[in-house]
>>> print(open('target.cif').read())   # mmCIF, C-alpha atoms, pLDDT in the B column; chains and numbers go by the auth columns
data_input
loop_
_atom_site.group_PDB
_atom_site.id
_atom_site.type_symbol
_atom_site.label_atom_id
_atom_site.label_comp_id
_atom_site.label_asym_id
_atom_site.label_seq_id
_atom_site.Cartn_x
_atom_site.Cartn_y
_atom_site.Cartn_z
_atom_site.B_iso_or_equiv
_atom_site.auth_seq_id
_atom_site.auth_asym_id
ATOM 1 C CA MET A 1 -82.151 -128.095 -117.385 46.00 1294 P
ATOM 2 C CA THR A 2 -83.832 -130.977 -119.035 59.00 1295 P
ATOM 3 C CA LYS A 3 -87.246 -130.602 -120.608 66.00 1296 P
ATOM 4 C CA ALA A 4 -88.632 -133.181 -118.165 75.00 1297 P
ATOM 5 C CA LEU A 5 -87.719 -131.013 -115.149 75.00 1298 P
ATOM 6 C CA GLN A 6 -89.282 -127.928 -116.706 80.00 1299 P
ATOM 7 C CA ASN A 7 -92.611 -129.752 -116.931 81.00 1300 P
ATOM 8 C CA LEU A 8 -92.655 -130.761 -113.247 84.00 1301 P
ATOM 9 C CA THR A 9 -94.603 -128.816 -110.632 87.00 1302 P
ATOM 10 C CA ASP A 10 -92.795 -126.998 -107.857 85.00 1303 P
ATOM 11 C CA GLU A 11 -93.942 -129.632 -105.383 88.00 1304 P
ATOM 12 C CA ASP A 12 -92.539 -132.451 -107.556 88.00 1305 P
ATOM 13 C CA LEU A 13 -89.238 -130.595 -107.827 87.00 1306 P
ATOM 14 C CA ILE A 14 -89.133 -130.095 -104.057 87.00 1307 P
ATOM 15 C CA ARG A 15 -89.584 -133.824 -103.469 87.00 1308 P
ATOM 16 C CA ALA A 16 -86.811 -134.557 -105.990 86.00 1309 P
ATOM 17 C CA ALA A 17 -84.537 -131.927 -104.415 84.00 1310 P
ATOM 18 C CA ARG A 18 -85.058 -133.388 -100.951 84.00 1311 P
ATOM 19 C CA SER A 19 -84.102 -136.806 -102.252 85.00 1312 P
ATOM 20 C CA GLY A 20 -80.772 -135.410 -103.443 83.00 1313 P
ATOM 21 C CA ASP A 21 -81.485 -134.371 -107.041 82.00 1314 P
ATOM 22 C CA ASP A 22 -79.327 -131.257 -107.533 83.00 1315 P
ATOM 23 C CA SER A 23 -80.818 -130.608 -110.964 85.00 1316 P
ATOM 24 C CA ALA A 24 -84.250 -130.203 -109.312 85.00 1317 P
ATOM 25 C CA VAL A 25 -82.775 -127.542 -107.038 85.00 1318 P
ATOM 26 C CA GLY A 26 -81.255 -125.911 -110.111 86.00 1319 P
ATOM 27 C CA GLU A 27 -84.635 -125.853 -111.840 87.00 1320 P
ATOM 28 C CA LEU A 28 -86.294 -124.249 -108.805 87.00 1321 P
ATOM 29 C CA VAL A 29 -83.539 -121.644 -108.638 87.00 1322 P
ATOM 30 C CA ALA A 30 -83.982 -120.919 -112.356 88.00 1323 P
ATOM 31 C CA ARG A 31 -87.740 -120.492 -111.866 88.00 1324 P
ATOM 32 C CA TYR A 32 -87.464 -118.172 -108.883 89.00 1325 P
ATOM 33 C CA LEU A 33 -84.297 -116.207 -109.717 89.00 1326 P
ATOM 34 C CA PRO A 34 -86.205 -113.497 -111.647 90.00 1327 P
ATOM 35 C CA MET A 35 -88.433 -112.884 -108.606 89.00 1328 P
ATOM 36 C CA ILE A 36 -85.372 -112.779 -106.338 88.00 1329 P
ATOM 37 C CA ARG A 37 -83.586 -110.297 -108.612 87.00 1330 P
ATOM 38 C CA HIS A 38 -86.721 -108.142 -108.778 86.00 1331 P
ATOM 39 C CA ARG A 39 -86.952 -108.042 -104.973 85.00 1332 P
ATOM 40 C CA ALA A 40 -83.203 -107.410 -104.613 83.00 1333 P
ATOM 41 C CA ALA A 41 -83.437 -104.374 -106.875 81.00 1334 P
ATOM 42 C CA ARG A 42 -85.586 -102.682 -104.207 79.00 1335 P
ATOM 43 C CA TYR A 43 -82.718 -102.696 -101.694 73.00 1336 P
ATOM 44 C CA PHE A 44 -79.973 -100.097 -101.573 66.00 1337 P
ATOM 45 C CA LEU A 45 -77.764 -100.943 -98.646 63.00 1338 P
ATOM 46 C CA PRO A 46 -74.431 -99.495 -97.622 62.00 1339 P
ATOM 47 C CA GLY A 47 -71.780 -102.181 -97.616 62.00 1340 P
ATOM 48 C CA MET A 48 -73.860 -104.650 -99.672 67.00 1341 P
ATOM 49 C CA ASP A 49 -74.045 -104.702 -103.419 72.00 1342 P
ATOM 50 C CA ALA A 50 -77.028 -106.012 -105.395 76.00 1343 P
ATOM 51 C CA GLU A 51 -75.495 -109.478 -105.812 80.00 1344 P
ATOM 52 C CA ASP A 52 -75.104 -109.818 -102.041 81.00 1345 P
ATOM 53 C CA VAL A 53 -78.830 -109.179 -101.679 83.00 1346 P
ATOM 54 C CA VAL A 54 -79.543 -111.722 -104.447 84.00 1347 P
ATOM 55 C CA GLN A 55 -77.413 -114.273 -102.574 86.00 1348 P
ATOM 56 C CA GLU A 56 -79.443 -113.631 -99.428 86.00 1349 P
ATOM 57 C CA GLY A 57 -82.589 -114.199 -101.490 86.00 1350 P
ATOM 58 C CA LEU A 58 -81.201 -117.501 -102.761 87.00 1351 P
ATOM 59 C CA ILE A 59 -80.567 -118.544 -99.167 89.00 1352 P
ATOM 60 C CA GLY A 60 -84.215 -117.752 -98.457 88.00 1353 P
ATOM 61 C CA LEU A 61 -85.273 -119.867 -101.435 88.00 1354 P
ATOM 62 C CA LEU A 62 -83.194 -122.809 -100.221 87.00 1355 P
ATOM 63 C CA LYS A 63 -84.788 -122.397 -96.794 89.00 1356 P
ATOM 64 C CA ALA A 64 -88.209 -122.483 -98.466 87.00 1357 P
ATOM 65 C CA ILE A 65 -87.322 -125.689 -100.323 86.00 1358 P
ATOM 66 C CA ARG A 66 -86.225 -127.274 -97.055 86.00 1359 P
ATOM 67 C CA LEU A 67 -89.198 -126.143 -94.951 86.00 1360 P
ATOM 68 C CA TYR A 68 -92.160 -126.232 -97.341 85.00 1361 P
ATOM 69 C CA ASP A 69 -94.749 -128.820 -96.365 84.00 1362 P
ATOM 70 C CA GLY A 70 -97.605 -128.000 -98.747 79.00 1363 P
ATOM 71 C CA ARG A 71 -100.230 -127.465 -96.060 79.00 1364 P
ATOM 72 C CA GLN A 72 -99.993 -123.713 -95.620 73.00 1365 P
ATOM 73 C CA SER A 73 -100.024 -122.235 -99.107 80.00 1366 P
ATOM 74 C CA ALA A 74 -98.684 -122.576 -102.611 86.00 1367 P
ATOM 75 C CA PHE A 75 -94.916 -122.914 -102.796 86.00 1368 P
ATOM 76 C CA ALA A 76 -94.608 -119.654 -104.740 87.00 1369 P
ATOM 77 C CA THR A 77 -96.207 -117.761 -101.836 87.00 1370 P
ATOM 78 C CA PHE A 78 -94.121 -119.549 -99.230 87.00 1371 P
ATOM 79 C CA ALA A 79 -90.911 -118.981 -101.230 87.00 1372 P
ATOM 80 C CA SER A 80 -91.731 -115.309 -101.670 87.00 1373 P
ATOM 81 C CA VAL A 81 -92.191 -114.859 -97.913 88.00 1374 P
ATOM 82 C CA CYS A 82 -88.957 -116.736 -97.137 87.00 1375 P
ATOM 83 C CA VAL A 83 -86.986 -114.712 -99.698 88.00 1376 P
ATOM 84 C CA ALA A 84 -88.404 -111.406 -98.442 87.00 1377 P
ATOM 85 C CA SER A 85 -87.745 -112.361 -94.822 87.00 1378 P
ATOM 86 C CA THR A 86 -84.139 -113.353 -95.494 86.00 1379 P
ATOM 87 C CA MET A 87 -83.478 -110.168 -97.458 85.00 1380 P
ATOM 88 C CA ALA A 88 -85.067 -108.024 -94.747 84.00 1381 P
ATOM 89 C CA THR A 89 -82.958 -109.714 -92.070 83.00 1382 P
ATOM 90 C CA ALA A 90 -79.808 -109.085 -94.123 78.00 1383 P
ATOM 91 C CA ALA A 91 -80.841 -105.459 -94.651 77.00 1384 P
ATOM 92 C CA LYS A 92 -81.416 -104.965 -90.947 78.00 1385 P
ATOM 93 C CA ALA A 93 -78.035 -106.498 -90.134 73.00 1386 P
ATOM 94 C CA ALA A 94 -76.291 -104.377 -92.772 69.00 1387 P
ATOM 95 C CA LEU A 95 -77.898 -101.218 -91.466 68.00 1388 P
ATOM 96 C CA SER A 96 -77.237 -101.983 -87.812 66.00 1389 P
ATOM 97 C CA GLN A 97 -73.550 -102.708 -88.412 53.00 1390 P
ATOM 98 C CA LYS A 98 -73.609 -104.774 -85.194 47.00 1391 P
ATOM 99 C CA SER A 99 -72.383 -107.869 -86.972 43.00 1392 P
ATOM 100 C CA ARG A 100 -69.177 -106.237 -88.194 46.00 1393 P
ATOM 101 C CA PRO A 101 -66.123 -107.563 -86.394 45.00 1394 P
ATOM 102 C CA LEU A 102 -63.764 -105.017 -84.871 41.00 1395 P
ATOM 103 C CA SER A 103 -61.069 -106.016 -87.358 39.00 1396 P
ATOM 104 C CA ASP A 104 -63.149 -104.385 -90.103 45.00 1397 P
ATOM 105 C CA TYR A 105 -62.971 -100.972 -88.485 43.00 1398 P
ATOM 106 C CA SER A 106 -60.705 -98.391 -90.074 44.00 1399 P
ATOM 107 C CA PRO A 107 -58.830 -95.490 -88.573 47.00 1400 P
ATOM 108 C CA LEU A 108 -60.836 -92.250 -88.618 44.00 1401 P
ATOM 109 C CA GLU A 109 -58.601 -90.809 -91.349 47.00 1402 P
ATOM 110 C CA GLU A 110 -59.666 -93.567 -93.740 48.00 1403 P
ATOM 111 C CA LEU A 111 -63.388 -93.208 -93.009 46.00 1404 P
ATOM 112 C CA ASP A 112 -64.005 -90.430 -95.536 48.00 1405 P
ATOM 113 C CA GLU A 113 -62.144 -92.343 -98.259 52.00 1406 P
ATOM 114 C CA ALA A 114 -64.188 -95.482 -97.603 47.00 1407 P
ATOM 115 C CA ARG A 115 -67.456 -93.553 -97.804 46.00 1408 P
ATOM 116 C CA GLN A 116 -66.387 -92.011 -101.101 49.00 1409 P
ATOM 117 C CA ASP A 117 -65.527 -95.458 -102.477 50.00 1410 P
ATOM 118 C CA GLN A 118 -68.972 -96.804 -101.534 53.00 1411 P
ATOM 119 C CA HIS A 119 -70.716 -93.748 -103.010 59.00 1412 P
ATOM 120 C CA VAL A 120 -72.957 -93.565 -99.955 57.00 1413 P
ATOM 121 C CA SER A 121 -72.900 -90.367 -98.006 64.00 1414 P
ATOM 122 C CA PRO A 122 -73.590 -90.213 -94.281 70.00 1415 P
ATOM 123 C CA GLU A 123 -76.831 -88.429 -95.119 74.00 1416 P
ATOM 124 C CA GLU A 124 -77.892 -91.321 -97.371 70.00 1417 P
ATOM 125 C CA GLU A 125 -77.108 -93.808 -94.610 71.00 1418 P
ATOM 126 C CA ILE A 126 -79.330 -91.860 -92.219 78.00 1419 P
ATOM 127 C CA ILE A 127 -82.098 -91.607 -94.813 75.00 1420 P
ATOM 128 C CA ILE A 128 -81.980 -95.364 -95.461 71.00 1421 P
ATOM 129 C CA ALA A 129 -82.120 -96.131 -91.739 68.00 1422 P
ATOM 130 C CA GLU A 130 -85.052 -93.721 -91.335 74.00 1423 P
ATOM 131 C CA GLN A 131 -86.877 -95.342 -94.277 71.00 1424 P
ATOM 132 C CA VAL A 132 -86.471 -98.796 -92.737 67.00 1425 P
ATOM 133 C CA GLU A 133 -87.787 -97.547 -89.387 72.00 1426 P
ATOM 134 C CA GLU A 134 -90.693 -95.792 -91.124 73.00 1427 P
ATOM 135 C CA LEU A 135 -91.543 -98.995 -92.989 68.00 1428 P
ATOM 136 C CA LYS A 136 -91.467 -100.982 -89.735 71.00 1429 P
ATOM 137 C CA GLY A 137 -93.723 -98.393 -88.134 74.00 1430 P
ATOM 138 C CA ARG A 138 -96.216 -98.540 -91.008 73.00 1431 P
ATOM 139 C CA ILE A 139 -96.284 -102.337 -90.812 71.00 1432 P
ATOM 140 C CA ASP A 140 -96.851 -102.147 -87.045 73.00 1433 P
ATOM 141 C CA THR A 141 -99.778 -99.775 -87.558 80.00 1434 P
ATOM 142 C CA LEU A 142 -101.238 -101.809 -90.431 81.00 1435 P
ATOM 143 C CA LEU A 143 -101.285 -105.150 -88.639 82.00 1436 P
ATOM 144 C CA SER A 144 -103.330 -105.992 -85.586 86.00 1437 P
ATOM 145 C CA GLY A 145 -101.640 -107.655 -82.631 85.00 1438 P
ATOM 146 C CA PHE A 146 -103.113 -111.018 -83.612 88.00 1439 P
ATOM 147 C CA GLU A 147 -101.894 -110.609 -87.206 86.00 1440 P
ATOM 148 C CA GLN A 148 -98.403 -109.677 -86.005 82.00 1441 P
ATOM 149 C CA ARG A 149 -98.216 -112.726 -83.712 85.00 1442 P
ATOM 150 C CA ALA A 150 -99.535 -115.038 -86.448 86.00 1443 P
ATOM 151 C CA LEU A 151 -97.034 -113.634 -88.966 80.00 1444 P
ATOM 152 C CA THR A 152 -94.114 -113.958 -86.541 78.00 1445 P
ATOM 153 C CA LEU A 153 -94.966 -117.590 -85.833 82.00 1446 P
ATOM 154 C CA TYR A 154 -95.507 -118.325 -89.538 80.00 1447 P
ATOM 155 C CA LEU A 155 -92.142 -116.828 -90.470 76.00 1448 P
ATOM 156 C CA SER A 156 -90.558 -118.886 -87.695 73.00 1449 P
ATOM 157 C CA GLY A 157 -91.607 -122.020 -89.565 79.00 1450 P
ATOM 158 C CA HIS A 158 -94.715 -123.020 -87.611 82.00 1451 P
ATOM 159 C CA SER A 159 -97.585 -124.702 -89.445 86.00 1452 P
ATOM 160 C CA TYR A 160 -101.123 -123.311 -89.370 86.00 1453 P
ATOM 161 C CA SER A 161 -102.172 -125.969 -86.855 87.00 1454 P
ATOM 162 C CA GLU A 162 -99.210 -125.179 -84.584 89.00 1455 P
ATOM 163 C CA ILE A 163 -99.958 -121.459 -84.795 89.00 1456 P
ATOM 164 C CA SER A 164 -103.626 -122.076 -83.979 89.00 1457 P
ATOM 165 C CA GLN A 165 -102.614 -124.083 -80.891 90.00 1458 P
ATOM 166 C CA LEU A 166 -100.117 -121.451 -79.742 90.00 1459 P
ATOM 167 C CA LEU A 167 -102.608 -118.619 -80.268 89.00 1460 P
ATOM 168 C CA ARG A 168 -105.530 -120.676 -78.931 91.00 1461 P
ATOM 169 C CA THR A 169 -107.688 -120.232 -82.010 91.00 1462 P
ATOM 170 C CA THR A 170 -108.741 -122.163 -85.101 91.00 1463 P
ATOM 171 C CA SER A 171 -106.627 -122.896 -88.165 88.00 1464 P
ATOM 172 C CA LYS A 172 -109.204 -120.993 -90.213 91.00 1465 P
ATOM 173 C CA ALA A 173 -108.694 -117.869 -88.070 91.00 1466 P
ATOM 174 C CA VAL A 174 -104.925 -118.175 -88.609 90.00 1467 P
ATOM 175 C CA ASP A 175 -105.412 -118.594 -92.357 89.00 1468 P
ATOM 176 C CA ASN A 176 -107.700 -115.546 -92.472 91.00 1469 P
ATOM 177 C CA ALA A 177 -105.210 -113.480 -90.468 88.00 1470 P
ATOM 178 C CA LEU A 178 -102.310 -114.409 -92.762 85.00 1471 P
ATOM 179 C CA GLN A 179 -104.416 -113.637 -95.843 86.00 1472 P
ATOM 180 C CA ARG A 180 -105.128 -110.176 -94.380 87.00 1473 P
ATOM 181 C CA VAL A 181 -101.401 -109.743 -93.677 81.00 1474 P
ATOM 182 C CA ARG A 182 -100.565 -110.535 -97.312 82.00 1475 P
ATOM 183 C CA ARG A 183 -103.131 -108.038 -98.581 81.00 1476 P
ATOM 184 C CA LYS A 184 -101.999 -105.308 -96.192 78.00 1477 P
ATOM 185 C CA LEU A 185 -98.285 -105.807 -96.871 73.00 1478 P
ATOM 186 C CA ARG A 186 -98.795 -105.578 -100.623 70.00 1479 P
ATOM 187 C CA SER A 187 -99.860 -101.959 -100.073 64.00 1480 P
ATOM 188 C CA VAL A 188 -96.662 -101.064 -98.175 57.00 1481 P
#
>>> encode(input="target.cif", output="structure tokens")
Amino acid sequence: MTKALQNLTDEDLIRAARSGDDSAVGELVARYLPMIRHRAARYFLPGMDAEDVVQEGLIGLLKAIRLYDGRQSAFATFASVCVASTMATAAKAALSQKSRPLSDYSPLEELDEARQDQHVSPEEEIIIAEQVEELKGRIDTLLSGFEQRALTLYLSGHSYSEISQLLRTTSKAVDNALQRVRRKLRSV
């Protein structure tokens, strides 16, 4: 990356990236890759290695670059939420196994060999699934109904003003709710 790109703010790089400057995208990826790798290290998923999770995080970062409008929060916060959301969605899909096509299924005789190759026992798979469900349950108990609705709409790409209209409240109430969500989720 050139020295000039390293001195630009995230917002300047986003504008350059949206106008077709691939080196601006590269600079943003370089800035946020350590955060993505750090988050990816928290996931241990059967059928997905660490680099798969990193790739999902990069997809989340690219989504953040595309969707960020500067009104909601700092880009770093928005990118972090997008990366976490994309990784969580990939984790849920990997654990549910619903997205696997039937052609990937093996005869029962080969099942034990495949599990040994992945180094994940059936007990570990159950434990991971239970941990994900426990985490979801803790999040559900931590967040109020209003906070959950605000977070869902925010993660769906709605702006604060759109969320306030949909929830029939003020933008300030939405901002306060999302700030509480951030604080509460840091403790999880």
>>> closest_residue(input="target.cif", among="P:Thr1302, P:Ser1316, P:Thr1434, P:Gln1365", to="Gln1472 of chain P", atoms="only C-alpha atoms")
P:Gln1365
>>> resolve_selection(input="target.cif", expression="the PyMOL selection byres ((chain P and resi 1441) around 12)", output="MDAnalysis selection string")
chainID P and resid 1429 1432:1440 1442:1448 1456 1460 1467 1470:1471 1473:1475 1477:1478
>>> atom_distance(input="target.cif", atom1="atom CA of Ser1452 of chain P", atom2="atom CA of Arg1476 of chain P")
19.8 Å
>>> atom_distance(input="target.cif", atom1="atom CA of Ile1307 of chain P", atom2="atom CA of Ala1372 of chain P")
11.6 Å
>>> closest_residue(input="target.cif", among="P:Arg1431, P:Asp1305, P:Ser1449, P:Ala1343", to="Ser1378 of chain P", atoms="all atoms listed in the file")
P:Ser1449
>>> atom_distance(input="target.cif", atom1="atom CA of Leu1355 of chain P", atom2="atom CA of Gly1313 of chain P")
13.2 Å
>>> closest_residue(input="target.cif", among="P:Pro1415, P:Gly1350, P:Pro1327, P:Gly1319", to="Val1374 of chain P", atoms="all atoms listed in the file")
P:Gly1350
>>> closest_residue(input="target.cif", among="P:Asp1303, P:Glu1349, P:Glu1427, P:Glu1344", to="Ala1386 of chain P", atoms="only C-alpha atoms")
P:Glu1349
>>> closest_residue(input="target.cif", among="P:Ser1366, P:Leu1321, P:Leu1326, P:Gly1450", to="Asn1300 of chain P", atoms="all atoms listed in the file")
P:Leu1321
>>> resolve_selection(input="target.cif", expression="the PyMOL selection byres ((chain P and resi 1359) around 12)", output="number ranges by chain")
P: 1304, 1306-1313, 1318, 1352-1358, 1360-1363, 1368, 1371-1372, 1375, 1450
>>> decode(input="target.cif", residues="segment 1352-1375 of chain P", atoms="N, CA and C atoms", output="CSV table (one decimal), in the first residue's frame")
chain,number,residue,atom,x,y,z
P,1352,ILE,N,-15.9,-11.2,4.0
P,1352,ILE,CA,-17.2,-10.9,3.3
P,1352,ILE,C,-18.0,-9.9,4.1
P,1353,GLY,N,-18.0,-10.1,5.4
P,1353,GLY,CA,-18.6,-9.1,6.3
P,1353,GLY,C,-18.0,-7.7,6.2
P,1354,LEU,N,-16.7,-7.6,6.1
P,1354,LEU,CA,-16.0,-6.4,5.9
P,1354,LEU,C,-16.4,-5.7,4.6
P,1355,LEU,N,-16.4,-6.5,3.5
P,1355,LEU,CA,-16.8,-5.9,2.2
P,1355,LEU,C,-18.3,-5.5,2.2
P,1356,LYS,N,-19.1,-6.2,3.0
P,1356,LYS,CA,-20.5,-5.7,3.2
P,1356,LYS,C,-20.5,-4.4,3.9
P,1357,ALA,N,-19.7,-4.3,4.9
P,1357,ALA,CA,-19.6,-3.0,5.7
P,1357,ALA,C,-19.2,-1.9,4.8
P,1358,ILE,N,-18.2,-2.1,3.9
P,1358,ILE,CA,-17.7,-1.1,3.0
P,1358,ILE,C,-18.8,-0.6,2.1
P,1359,ARG,N,-19.6,-1.6,1.6
P,1359,ARG,CA,-20.7,-1.3,0.7
P,1359,ARG,C,-21.9,-0.5,1.4
P,1360,LEU,N,-22.2,-0.9,2.6
P,1360,LEU,CA,-23.4,-0.4,3.3
P,1360,LEU,C,-23.1,0.8,4.2
P,1361,TYR,N,-21.9,1.1,4.6
P,1361,TYR,CA,-21.7,2.2,5.6
P,1361,TYR,C,-22.1,3.5,5.0
P,1362,ASP,N,-22.8,4.3,5.8
P,1362,ASP,CA,-23.3,5.6,5.4
P,1362,ASP,C,-22.8,6.7,6.3
P,1363,GLY,N,-22.1,6.4,7.4
P,1363,GLY,CA,-21.5,7.4,8.2
P,1363,GLY,C,-22.5,8.1,9.2
P,1364,ARG,N,-23.7,7.8,9.2
P,1364,ARG,CA,-24.7,8.4,10.1
P,1364,ARG,C,-24.9,7.6,11.4
P,1365,GLN,N,-24.7,6.3,11.3
P,1365,GLN,CA,-25.0,5.5,12.5
P,1365,GLN,C,-23.8,5.6,13.6
P,1366,SER,N,-22.6,5.3,13.1
P,1366,SER,CA,-21.5,5.1,14.1
P,1366,SER,C,-20.2,5.2,13.3
P,1367,ALA,N,-19.1,5.1,14.0
P,1367,ALA,CA,-17.8,5.0,13.4
P,1367,ALA,C,-17.8,3.8,12.5
P,1368,PHE,N,-17.0,3.8,11.4
P,1368,PHE,CA,-16.9,2.7,10.5
P,1368,PHE,C,-16.3,1.5,11.3
P,1369,ALA,N,-15.4,1.7,12.2
P,1369,ALA,CA,-14.8,0.5,12.9
P,1369,ALA,C,-15.9,-0.2,13.7
P,1370,THR,N,-16.8,0.5,14.3
P,1370,THR,CA,-17.9,-0.2,15.0
P,1370,THR,C,-18.8,-0.9,14.0
P,1371,PHE,N,-19.2,-0.2,12.9
P,1371,PHE,CA,-20.1,-0.8,11.9
P,1371,PHE,C,-19.4,-2.1,11.3
P,1372,ALA,N,-18.1,-2.0,11.0
P,1372,ALA,CA,-17.4,-3.1,10.4
P,1372,ALA,C,-17.4,-4.3,11.4
P,1373,SER,N,-17.1,-4.0,12.6
P,1373,SER,CA,-17.1,-5.0,13.6
P,1373,SER,C,-18.4,-5.8,13.7
P,1374,VAL,N,-19.5,-5.1,13.7
P,1374,VAL,CA,-20.8,-5.7,13.8
P,1374,VAL,C,-21.1,-6.5,12.5
P,1375,CYS,N,-20.7,-6.0,11.4
P,1375,CYS,CA,-20.9,-6.7,10.1
P,1375,CYS,C,-20.1,-8.0,10.1
